[in-house]
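As stored in entry24.txt (compact mmCIF, C-alpha atoms):
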# COMPACT_ATOMS: atom_id res chain seq x y z
CA MET A 1 -1.35 -57.07 -0.66
CA ALA A 2 -2.33 -53.46 -1.31
CA ILE A 3 -2.73 -51.62 -4.58
CA ILE A 4 -1.11 -48.22 -4.24
CA ASP A 5 -1.31 -45.35 -6.71
CA ILE A 6 1.38 -42.71 -6.29
CA SER A 7 2.19 -39.44 -7.96
CA ILE A 8 5.36 -37.69 -6.77
CA GLY A 9 6.73 -34.42 -8.05
CA ALA A 10 9.10 -31.64 -7.12
CA THR A 11 9.75 -28.03 -8.00
CA ARG A 12 13.21 -27.07 -9.19
CA PRO A 13 15.04 -24.09 -7.74
CA LYS A 14 14.63 -20.94 -9.89
CA GLY A 15 17.00 -20.99 -12.81
CA GLU A 16 18.10 -24.59 -12.17
CA ASN A 17 17.80 -26.81 -15.21
CA SER A 18 20.59 -29.33 -14.63
CA LEU A 19 18.73 -31.42 -12.04
CA PRO A 20 17.16 -34.65 -13.34
CA SER A 21 13.38 -34.75 -13.47
CA ALA A 22 11.50 -35.98 -10.43
CA LYS A 23 10.11 -38.80 -12.60
CA THR A 24 13.68 -39.98 -13.30
CA ILE A 25 14.40 -40.17 -9.56
CA VAL A 26 11.09 -41.94 -8.84
CA LYS A 27 11.83 -44.61 -11.48
CA GLU A 28 15.43 -45.00 -10.32
CA ILE A 29 14.37 -45.74 -6.74
CA LEU A 30 11.23 -47.72 -7.70
CA ASP A 31 13.36 -50.08 -9.78
CA THR A 32 15.40 -51.03 -6.69
CA TYR A 33 12.23 -52.57 -5.19
CA SER A 34 10.43 -55.71 -6.32
CA PHE A 35 6.98 -54.14 -6.75
CA LYS A 36 4.86 -55.09 -9.71
CA TYR A 37 3.85 -51.74 -11.18
CA VAL A 38 2.13 -50.04 -14.09
CA GLU A 39 2.97 -46.53 -15.27
CA SER A 40 0.34 -44.13 -16.53
CA PRO A 41 0.82 -40.56 -17.77
CA MET A 42 0.03 -39.11 -14.33
CA SER A 43 0.98 -41.75 -11.78
CA ILE A 44 2.43 -45.16 -11.02
CA THR A 45 0.25 -47.94 -9.63
CA LEU A 46 1.99 -50.69 -7.73
CA GLU A 47 1.03 -53.69 -5.70
CA GLY A 48 2.80 -54.71 -2.54
CA ASP A 49 3.32 -54.18 1.14
CA ILE A 50 2.14 -50.78 2.46
CA ASP A 51 5.09 -50.33 4.83
CA GLU A 52 7.56 -51.02 2.05
CA ALA A 53 5.73 -48.59 -0.25
CA PHE A 54 5.82 -45.83 2.38
CA GLU A 55 9.53 -46.53 2.91
CA MET A 56 10.10 -46.14 -0.82
CA ILE A 57 8.08 -42.93 -1.03
CA ARG A 58 10.04 -41.44 1.87
CA LYS A 59 13.34 -42.40 0.17
CA ILE A 60 12.20 -40.63 -2.99
CA GLN A 61 11.23 -37.47 -1.10
CA LEU A 62 14.52 -37.39 0.82
CA LYS A 63 16.56 -37.99 -2.36
CA LEU A 64 14.80 -35.09 -4.09
CA LYS A 65 15.42 -32.85 -1.07
CA ASP A 66 19.08 -33.88 -0.88
CA MET A 67 19.49 -33.10 -4.58
CA GLY A 68 18.37 -29.52 -3.99
CA TYR A 69 14.70 -29.52 -4.84
CA PRO A 70 13.09 -27.01 -2.46
CA ARG A 71 9.65 -28.64 -2.51
CA THR A 72 8.28 -32.14 -3.04
CA PHE A 73 4.68 -33.23 -3.25
CA SER A 74 3.06 -36.65 -3.23
CA GLN A 75 -0.43 -37.98 -3.79
CA ILE A 76 -1.09 -41.48 -2.55
CA LYS A 77 -4.19 -43.63 -2.97
CA ILE A 78 -4.36 -47.03 -1.31
CA ASP A 79 -6.74 -49.92 -1.91
CA ASP A 80 -5.96 -52.41 0.85
CA ARG A 81 -8.50 -55.24 0.81
CA HIS A 82 -8.60 -57.63 3.71
CA ASP A 83 -11.57 -59.73 2.61
CA LYS A 84 -9.98 -61.12 -0.57
CA LYS A 85 -6.80 -60.93 -2.60
CA GLY A 86 -6.59 -58.07 -5.06
CA SER A 87 -4.12 -57.26 -7.79
CA ILE A 88 -3.53 -54.64 -10.45
CA ASP A 89 -4.59 -57.15 -13.13
CA GLN A 90 -7.78 -58.05 -11.26
CA LYS A 91 -8.63 -54.37 -10.75
CA LEU A 92 -8.01 -53.51 -14.41
CA SER A 93 -10.10 -56.48 -15.53
CA SER A 94 -12.95 -55.45 -13.24
CA VAL A 95 -12.97 -51.89 -14.54
CA THR A 96 -12.74 -52.97 -18.18
CA SER A 97 -15.63 -55.41 -17.81
CA LYS A 98 -17.88 -52.59 -16.61
CA LEU A 99 -17.20 -50.28 -19.57
Could you show the structure in this file as structure tokens?
Amino acid sequence: MAIIDISIGATRPKGENSLPSAKTIVKEILDTYSFKYVESPMSITLEGDIDEAFEMIRKIQLKLKDMGYPRTFSQIKIDDRHDKKGSIDQKLSSVTSKL
């Protein structure tokens, strides 16, 4: 299982203020999946299957495009360990223990 950190945004068309925020769309679509996730002020970290995560990210980008956003942007970081099982909780615990 991978730990995936994503940040997705979009620019609104000039003068358009009635569109929902990109964050609203991200949460709406994310909540249709069964990922365990943690929100932070700048991103969402989830754990799960990489293919399913990419499918979700693509759905978000297409939804934003279809709603009229002229530009979307995504940053994705993936920690995909194959030597042992990792989780968000394990990663947070590891970082905290080193502080």
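Environment of (-7.2, -51.3, -0.2): residues at most 7 Å away, judged by only C-alpha atoms, are A:Ala2, A:Ile3, A:Ile78, A:Asp79, A:Asp80, A:Arg81.
Among the candidates A:Ser43, A:Ser18, A:Thr96, A:Ser74, the residue lying nearest to Arg58 of chain A is A:Ser74 (atoms considered: all atoms listed in the file).
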Exercise. Separation of atom CA of Glu55 of chain A and atom CA of Tyr69 of chain A, in Å?
Worked result: 19.4 Å
For this session: For segment 48-54 of chain A, please output as an MDAnalysis selection string all residues within 12 Å (counting only C-alpha atoms; exclusion window: fewer than 4 positions along the same chain).
Result: chainID A and resid 1:6 29:30 32:37 44 58:61 74:81 85:88
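Note that atom CA of Lys14 of chain A and atom CA of Val26 of chain A are 21.3 Å apart.
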Padded axis-aligned box of segment 92-95 of chain A (4 Å per side), centre and edge lengths, Å, one decimal, as AutoDock Vina command-line options:
--center_x -10.5 --center_y -54.2 --center_z -14.4 --size_x 13.0 --size_y 12.6 --size_z 10.3
